[in-house]
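Note: the block below is work19.cif and it holds mmCIF, C-alpha atoms.
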data_coords
#
loop_
_atom_site.label_atom_id
_atom_site.label_comp_id
_atom_site.auth_asym_id
_atom_site.auth_seq_id
_atom_site.Cartn_x
_atom_site.Cartn_y
_atom_site.Cartn_z
CA MET A 22 0.00 0.00 0.00
CA THR A 23 2.92 2.27 -0.40
CA GLU A 24 3.56 4.71 -3.15
CA HIS A 25 6.57 2.85 -4.50
CA GLN A 26 4.37 -0.07 -5.56
CA MET A 27 3.75 0.09 -9.25
CA PRO A 28 0.41 -0.52 -10.93
CA PHE A 29 1.38 -3.91 -12.35
CA ASP A 30 3.13 -5.35 -9.35
CA HIS A 31 3.71 -9.03 -9.63
CA GLN A 32 3.73 -9.45 -5.89
CA PRO A 33 0.64 -9.47 -3.71
CA ASP A 34 0.11 -6.34 -1.68
CA THR A 35 0.44 -7.82 1.79
CA GLU A 36 -0.97 -4.88 3.70
CA LEU A 37 -4.04 -4.65 1.53
CA GLY A 38 -4.29 -8.43 1.49
CA ASP A 39 -4.25 -8.62 5.28
CA ALA A 40 -6.86 -5.90 5.59
CA LEU A 41 -9.10 -7.62 3.06
CA ARG A 42 -8.59 -10.98 4.74
CA ARG A 43 -9.81 -9.52 8.00
CA ALA A 44 -12.71 -7.84 6.25
CA LEU A 45 -13.79 -11.06 4.57
CA ALA A 46 -12.95 -13.37 7.47
CA PRO A 47 -15.67 -15.97 7.80
CA ALA A 48 -16.97 -16.89 11.22
CA ALA A 49 -17.82 -20.29 12.71
CA HIS A 50 -15.43 -22.32 10.62
CA ASP A 51 -16.20 -25.63 12.33
CA ALA A 52 -19.93 -25.16 11.99
CA PHE A 53 -19.56 -24.46 8.30
CA VAL A 54 -17.39 -27.53 7.73
CA ALA A 55 -19.85 -29.69 9.65
CA ARG A 56 -22.75 -28.33 7.66
CA VAL A 57 -21.09 -29.04 4.34
CA MET A 58 -19.98 -32.49 5.42
CA SER A 59 -23.52 -33.39 6.39
CA ARG A 60 -24.67 -32.33 2.93
CA VAL A 61 -21.84 -34.31 1.38
CA GLY A 62 -23.18 -37.41 3.10
CA THR A 63 -26.63 -36.77 1.68
CA THR A 64 -25.23 -36.19 -1.78
CA ARG A 65 -23.26 -39.41 -1.65
CA ALA A 66 -26.32 -41.32 -0.50
CA GLY A 67 -28.25 -39.79 -3.37
CA SER A 68 -25.56 -40.84 -5.78
CA TRP A 69 -25.69 -44.41 -4.53
CA ASP A 70 -29.45 -44.42 -4.95
CA VAL A 71 -29.06 -43.32 -8.53
CA LEU A 72 -26.37 -45.89 -9.18
CA ALA A 73 -28.47 -48.59 -7.53
CA SER A 74 -31.45 -47.75 -9.72
CA TRP A 75 -29.22 -47.88 -12.77
CA ALA A 76 -27.83 -51.26 -11.66
CA GLY A 77 -31.34 -52.66 -11.09
CA ARG A 78 -32.43 -51.67 -14.56
CA GLY A 79 -29.20 -53.04 -16.01
CA ILE A 80 -29.63 -56.39 -14.31
CA ALA A 81 -33.24 -56.65 -15.47
CA ALA A 82 -32.22 -55.82 -19.04
CA ALA A 83 -29.36 -58.31 -18.91
CA LEU A 84 -31.70 -61.07 -17.67
CA LEU A 85 -34.17 -60.24 -20.43
CA VAL A 86 -31.48 -60.43 -23.10
CA LEU A 87 -30.14 -63.66 -21.62
CA GLY A 88 -33.58 -65.24 -21.60
CA ALA A 89 -34.28 -64.13 -25.15
CA GLY A 90 -30.91 -65.49 -26.29
CA PHE A 91 -31.52 -68.81 -24.60
CA ALA A 92 -34.97 -69.12 -26.17
CA ALA A 93 -33.64 -68.21 -29.59
CA GLY A 94 -30.85 -70.74 -29.20
CA ARG A 95 -33.32 -73.47 -28.32
CA LEU A 96 -35.46 -72.66 -31.34
CA MET A 97 -32.48 -72.71 -33.69
CA GLN A 98 -31.11 -75.99 -32.35
CA PRO A 99 -31.13 -78.61 -35.15
CA ALA A 100 -33.47 -81.58 -34.78
CA VAL A 101 -30.68 -83.99 -35.74
CA GLY A 102 -29.30 -85.85 -32.79
CA THR A 103 -32.28 -85.52 -30.58
CA ALA A 104 -33.15 -89.17 -31.06
CA SER A 105 -32.07 -91.36 -28.22
CA LEU A 106 -29.90 -94.46 -28.64
CA GLU A 107 -32.88 -96.69 -27.94
CA GLU A 108 -34.84 -95.10 -30.78
CA ALA A 109 -31.86 -95.45 -33.13
CA LEU A 110 -31.48 -99.14 -32.29
CA VAL A 111 -35.15 -99.77 -32.88
CA MET A 112 -34.72 -98.38 -36.38
CA GLY A 113 -32.60 -101.45 -37.18
CA PRO A 114 -29.43 -102.17 -39.15
CA ALA A 115 -30.54 -100.13 -42.14
CA ASP A 116 -29.87 -97.09 -40.10
CA SER A 117 -26.90 -98.32 -38.11
CA GLY A 118 -25.09 -94.99 -38.53
CA GLY A 119 -27.94 -93.41 -36.58
CA ALA A 120 -26.90 -95.18 -33.37
CA ALA A 121 -23.44 -93.68 -33.41
CA THR A 122 -24.86 -90.24 -34.13
CA ALA A 123 -27.35 -90.60 -31.30
CA VAL A 124 -24.62 -91.54 -28.83
CA VAL A 125 -22.43 -88.58 -29.83
CA ARG A 126 -25.11 -85.91 -30.04
CA GLY A 127 -27.58 -87.14 -27.47
CA SER A 128 -28.03 -85.06 -24.38
CA ARG A 129 -28.68 -88.10 -22.17
CA PRO A 130 -26.28 -91.01 -21.64
CA PRO A 131 -27.56 -94.26 -23.17
CA ASP A 132 -29.16 -96.86 -20.93
CA ALA A 133 -26.48 -99.45 -20.27
CA SER A 134 -28.94 -102.39 -20.43
CA VAL A 135 -29.98 -101.36 -23.93
CA VAL A 136 -26.39 -101.09 -25.02
CA PHE A 137 -25.47 -104.50 -23.68
CA SER A 138 -28.57 -106.19 -25.06
CA SER A 139 -27.73 -104.83 -28.50
CA LEU A 140 -24.35 -106.58 -28.48
CA ARG A 141 -24.44 -109.98 -30.16
CA PRO A 142 -21.85 -112.66 -29.49
CA MET B 17 -12.27 -29.52 2.49
CA ASP B 18 -11.11 -28.15 5.83
CA ARG B 19 -8.08 -26.69 4.09
CA TYR B 20 -10.02 -24.73 1.49
CA ALA B 21 -13.12 -23.82 3.47
CA GLU B 22 -12.02 -20.38 4.62
CA GLN B 23 -10.57 -19.49 1.26
CA ALA B 24 -13.75 -20.54 -0.52
CA ARG B 25 -15.89 -18.54 1.89
CA ARG B 26 -13.75 -15.42 1.44
CA VAL B 27 -13.88 -15.68 -2.34
CA ALA B 28 -17.63 -16.22 -2.23
CA ARG B 29 -17.96 -13.23 0.04
CA ALA B 30 -16.04 -11.11 -2.42
CA VAL B 31 -18.94 -11.68 -4.78
CA LEU B 32 -21.80 -11.80 -2.29
CA ARG B 33 -21.78 -9.25 0.48
CA ASP B 34 -24.11 -11.19 2.70
CA PRO B 35 -22.08 -13.74 4.70
CA ASP B 36 -24.92 -16.26 4.77
CA ASP B 37 -25.32 -16.07 1.02
CA ALA B 38 -21.57 -16.43 0.66
CA ASP B 39 -21.58 -19.53 2.85
CA ASP B 40 -24.43 -21.01 0.83
CA ALA B 41 -22.49 -20.37 -2.35
CA ALA B 42 -19.33 -21.89 -0.88
CA GLN B 43 -21.33 -24.94 0.18
CA ASP B 44 -22.84 -25.23 -3.30
CA ALA B 45 -19.34 -25.04 -4.71
CA PHE B 46 -18.01 -27.83 -2.50
CA LEU B 47 -20.93 -30.10 -3.41
CA SER B 48 -20.55 -29.22 -7.06
CA ALA B 49 -16.83 -29.95 -6.88
CA LEU B 50 -17.60 -33.34 -5.37
CA VAL B 51 -19.89 -34.19 -8.25
CA LYS B 52 -17.37 -32.91 -10.80
CA LEU B 53 -14.37 -34.47 -9.11
CA GLU B 54 -13.75 -36.87 -11.98
CA GLN B 55 -13.27 -33.83 -14.24
CA TYR B 56 -10.38 -32.58 -12.12
CA ASP B 57 -6.94 -33.14 -13.61
CA PRO B 58 -4.71 -34.19 -10.68
CA ARG B 59 -1.62 -32.98 -12.54
CA ARG B 60 -2.82 -29.42 -12.03
CA PRO B 61 -3.16 -27.54 -8.73
CA PHE B 62 -6.43 -28.12 -6.93
CA GLY B 63 -6.92 -24.61 -5.53
CA PRO B 64 -7.52 -22.74 -8.80
CA TRP B 65 -9.86 -25.49 -10.00
CA LEU B 66 -11.90 -25.28 -6.82
CA MET B 67 -11.87 -21.48 -6.71
CA ARG B 68 -13.22 -21.32 -10.24
CA ILE B 69 -16.17 -23.41 -9.07
CA VAL B 70 -16.58 -21.18 -6.02
CA ALA B 71 -16.53 -18.01 -8.12
CA ASN B 72 -19.07 -19.49 -10.53
CA ALA B 73 -21.32 -20.65 -7.70
CA ALA B 74 -21.23 -17.23 -6.07
CA THR B 75 -21.91 -15.46 -9.35
CA ASP B 76 -24.80 -17.79 -10.13
CA ARG B 77 -26.30 -17.17 -6.71
CA ARG B 78 -25.95 -13.44 -7.06
CA ARG B 79 -27.69 -13.57 -10.43
CA ARG B 80 -30.50 -15.77 -9.15
CA ARG B 81 -31.50 -13.70 -6.18
CA SER B 82 -32.53 -10.09 -5.97
CA VAL B 83 -29.23 -8.32 -5.71
CA ARG B 84 -30.04 -5.29 -3.68
CA SER B 85 -27.17 -5.76 -1.26
CA ALA B 86 -24.66 -6.62 -3.97
CA GLU B 87 -25.37 -3.60 -6.09
CA PRO B 88 -22.89 -0.75 -5.92
CA LEU B 89 -23.59 1.46 -2.98
CA ASP B 90 -24.29 5.13 -3.25
CA PRO B 91 -20.86 6.79 -3.05
CA GLY B 92 -22.32 9.38 -0.70
CA VAL B 93 -23.18 6.65 1.73
CA VAL B 94 -19.73 5.10 1.50
CA GLY B 95 -17.84 8.33 1.85
CA GLY B 96 -19.90 9.85 4.60
CA GLY B 97 -20.77 8.87 8.11
CA PRO B 98 -18.96 9.43 11.36
CA ARG B 99 -15.68 7.63 12.07
CA PRO B 100 -15.89 4.90 14.68
CA ASP B 101 -13.94 5.13 17.88
CA VAL B 102 -10.47 3.67 18.21
CA VAL B 103 -11.65 0.49 19.90
CA ALA B 104 -13.81 -0.42 16.94
CA GLU B 105 -11.33 0.85 14.38
CA ARG B 106 -10.40 -2.45 12.90
CA SER B 107 -13.93 -3.73 12.48
CA ALA B 108 -14.98 -0.37 11.11
CA LEU B 109 -12.17 -0.49 8.60
CA SER B 110 -13.26 -3.97 7.61
CA GLU B 111 -16.77 -2.73 7.05
CA ARG B 112 -15.48 0.14 4.94
CA LEU B 113 -13.38 -2.26 2.92
CA ARG B 114 -16.36 -4.51 2.33
CA GLN B 115 -18.36 -1.54 1.19
CA ALA B 116 -15.54 -0.41 -1.07
CA LEU B 117 -15.28 -3.90 -2.49
CA ALA B 118 -19.00 -3.89 -3.17
CA GLU B 119 -18.54 -0.77 -5.27
CA LEU B 120 -16.12 -2.54 -7.56
CA PRO B 121 -17.26 -4.56 -10.53
CA GLU B 122 -17.54 -8.24 -9.68
CA ARG B 123 -14.55 -9.39 -11.76
CA ARG B 124 -12.40 -6.69 -10.18
CA ARG B 125 -13.41 -7.80 -6.68
CA LEU B 126 -12.56 -11.38 -7.47
CA ALA B 127 -9.28 -10.49 -9.10
CA VAL B 128 -7.96 -8.47 -6.17
CA VAL B 129 -9.13 -10.95 -3.56
CA LEU B 130 -7.69 -13.92 -5.42
CA PHE B 131 -4.39 -12.11 -5.98
CA ASP B 132 -3.78 -10.10 -2.82
CA VAL B 133 -5.64 -12.22 -0.28
CA GLU B 134 -5.40 -15.76 -1.61
CA GLY B 135 -2.05 -15.41 -3.36
CA TYR B 136 -2.91 -16.88 -6.75
CA SER B 137 -0.88 -15.79 -9.75
CA HIS B 138 -2.24 -13.65 -12.54
CA ALA B 139 -2.14 -16.65 -14.85
CA GLU B 140 -4.10 -18.81 -12.42
CA ILE B 141 -6.71 -16.12 -11.91
CA ALA B 142 -6.97 -15.66 -15.66
CA GLY B 143 -7.76 -19.36 -15.92
CA MET B 144 -10.36 -19.14 -13.16
CA LEU B 145 -12.12 -16.11 -14.56
CA LYS B 146 -11.61 -17.11 -18.19
CA VAL B 147 -10.12 -13.77 -19.16
CA PRO B 148 -6.70 -12.83 -20.56
CA GLU B 149 -3.89 -12.42 -18.06
CA GLY B 150 -3.54 -8.76 -18.98
CA THR B 151 -7.14 -8.20 -18.00
CA VAL B 152 -6.44 -9.67 -14.58
CA ARG B 153 -3.46 -7.35 -14.11
CA SER B 154 -5.58 -4.40 -15.07
CA GLU B 155 -8.40 -5.42 -12.76
CA VAL B 156 -6.03 -5.88 -9.84
CA PHE B 157 -4.47 -2.51 -10.53
CA HIS B 158 -7.79 -0.66 -10.60
CA ALA B 159 -9.06 -2.45 -7.52
CA ARG B 160 -5.90 -1.71 -5.59
CA ARG B 161 -5.98 1.94 -6.53
CA LYS B 162 -9.47 2.25 -5.15
CA LEU B 163 -8.84 0.24 -1.99
CA ARG B 164 -5.49 1.82 -1.26
CA THR B 165 -7.05 5.22 -1.34
CA LEU B 166 -9.51 4.06 1.26
CA LEU B 167 -6.78 2.64 3.46
CA GLU B 168 -4.61 5.73 3.14
CA ASP B 169 -7.54 7.95 4.08
CA TRP B 170 -8.19 5.74 7.04
CA ARG B 171 -4.61 5.82 8.21
CA GLU B 172 -4.01 9.56 7.89
CA PRO B 173 -5.88 10.81 10.97
CA SER B 174 -4.30 8.26 13.33
#

I need this file expressed as structure tokens, please.
Amino acid sequence: MTEHQMPFDHQPDTELGDALRRALAPAAHDAFVARVMSRVGTTRAGSWDVLASWAGRGIAAALLVLGAGFAAGRLMQPAVGTASLEEALVMGPADSGGAATAVVRGSRPPDASVVFSSLRP
Amino acid sequence: MDRYAEQARRVARAVLRDPDDADDAAQDAFLSALVKLEQYDPRRPFGPWLMRIVANAATDRRRRRSVRSAEPLDPGVVGGGPRPDVVAERSALSERLRQALAELPERRRLAVVLFDVEGYSHAEIAGMLKVPEGTVRSEVFHARRKLRTLLEDWREPS
């Protein structure tokens, strides 16, 4: 605040700065910090609520897509190989290749008694 | 937050004369900063980033409300009035400074407070206020000239 200070000083004017700091000094620092922190807690809780709602919708959408994919997969599954070994054996020797296919592609293991009874000495 | 609370409140008060309004603005700024935290670049200093948010929050609040108390005061009111006694000198000077600050344009108030009180560089303040560095220098100069005159007048009789 002295006359020797030039208009474009690069240094802060400490005297003016101190006077302004006193003039603008806030009161009740701890109360202010506590007040803001309580609001911060509320804001965070709000954020979690939003995130939770997003997650709920995301999970529901994911389950929907998964179910649709599973259903589509089932519909597109080829009919070949769904015959069981027993059915293939009943078809007889003309379709002997069908037994092997049924064993490889079948979703259920063949009944052992049927397998053994089909073996001829 | 504890570290920047007082600084934020002072900067907000440079824009808003009412201390309660200033505290509300500072609180808004802290909450806003929390939400925007992922936008903060940790390679850069935190203070200027936060103070930009504080200045914006205070300016927004001033614009939203009726600004009777933030409008420039009648110079006759500022210049007149009896001097307080010696005991109350410091608080009276503070009040005069606040009134003088309120007479300055908002950007000028912020510039001088950020530079002379908070110690930010011209370049940092330019970034906060989104104005050229030369503008900040000019604003600080004009604000100082006004406030120094007030301080010199105050000092002379004592």

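The residues returned by the PyMOL selection byres ((chain A) within 8 of (chain B)) for this structure are Met22, Pro28, Phe29, Pro33, Asp34, Thr35, Leu37, Gly38, Asp39, Ala40, Leu41, Arg42, Arg43, Ala44, Leu45, Ala46, Pro47, His50, Phe53, Val54, Val57, Arg60, Val61 and Thr64 of chain A.
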
How about saving the chosen residues, C-alpha atoms kept, as an mmCIF file, in the coordinates of the input?
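To be explicit, this is the file written out as out-v4.cif:
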data_model
loop_
_atom_site.group_PDB
_atom_site.id
_atom_site.type_symbol
_atom_site.label_atom_id
_atom_site.label_comp_id
_atom_site.auth_asym_id
_atom_site.auth_seq_id
_atom_site.Cartn_x
_atom_site.Cartn_y
_atom_site.Cartn_z
ATOM 1 C CA MET A 22 0.000 0.000 0.000
ATOM 2 C CA PRO A 28 0.410 -0.520 -10.930
ATOM 3 C CA PHE A 29 1.380 -3.910 -12.350
ATOM 4 C CA PRO A 33 0.640 -9.470 -3.710
ATOM 5 C CA ASP A 34 0.110 -6.340 -1.680
ATOM 6 C CA THR A 35 0.440 -7.820 1.790
ATOM 7 C CA LEU A 37 -4.040 -4.650 1.530
ATOM 8 C CA GLY A 38 -4.290 -8.430 1.490
ATOM 9 C CA ASP A 39 -4.250 -8.620 5.280
ATOM 10 C CA ALA A 40 -6.860 -5.900 5.590
ATOM 11 C CA LEU A 41 -9.100 -7.620 3.060
ATOM 12 C CA ARG A 42 -8.590 -10.980 4.740
ATOM 13 C CA ARG A 43 -9.810 -9.520 8.000
ATOM 14 C CA ALA A 44 -12.710 -7.840 6.250
ATOM 15 C CA LEU A 45 -13.790 -11.060 4.570
ATOM 16 C CA ALA A 46 -12.950 -13.370 7.470
ATOM 17 C CA PRO A 47 -15.670 -15.970 7.800
ATOM 18 C CA HIS A 50 -15.430 -22.320 10.620
ATOM 19 C CA PHE A 53 -19.560 -24.460 8.300
ATOM 20 C CA VAL A 54 -17.390 -27.530 7.730
ATOM 21 C CA VAL A 57 -21.090 -29.040 4.340
ATOM 22 C CA ARG A 60 -24.670 -32.330 2.930
ATOM 23 C CA VAL A 61 -21.840 -34.310 1.380
ATOM 24 C CA THR A 64 -25.230 -36.190 -1.780
#

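Computed from the coordinates, the atom CA of B:Trp65 to atom CA of A:Thr63 distance equals 23.3 Å.
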
Pairwise distance for atom CA of B:Glu122 and atom CA of B:Thr75, rounded to one decimal in Å: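 Atom-to-atom, atom CA of B:Glu122 and atom CA of B:Thr75 are spaced 8.4 Å apart.
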
Proximity to B:Arg19 - best of A:Asp51, A:Gln32, A:Val86, A:Met97, all atoms listed in the file: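 Comparing A:Asp51, A:Gln32, A:Val86, A:Met97 against B:Arg19, the winner is A:Asp51.
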
Between atom CA of B:Ala118 and atom CA of B:Arg78, distance in Å (one decimal): 12.4 Å

Proximity to B:Ile69 - best of B:Ala45, B:Ala142, B:Leu53, B:Ala116, only C-alpha atoms: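 Of B:Ala45, B:Ala142, B:Leu53, B:Ala116, the one nearest B:Ile69 is B:Ala45, counting only C-alpha atoms.
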
Protein/DNA/RNA residues near (-14.9, -24.8, -8.4), cut 9 Å, all atoms listed in the file, as a ChimeraX atom specification: /B:45-46,48-49,52,63-73,144
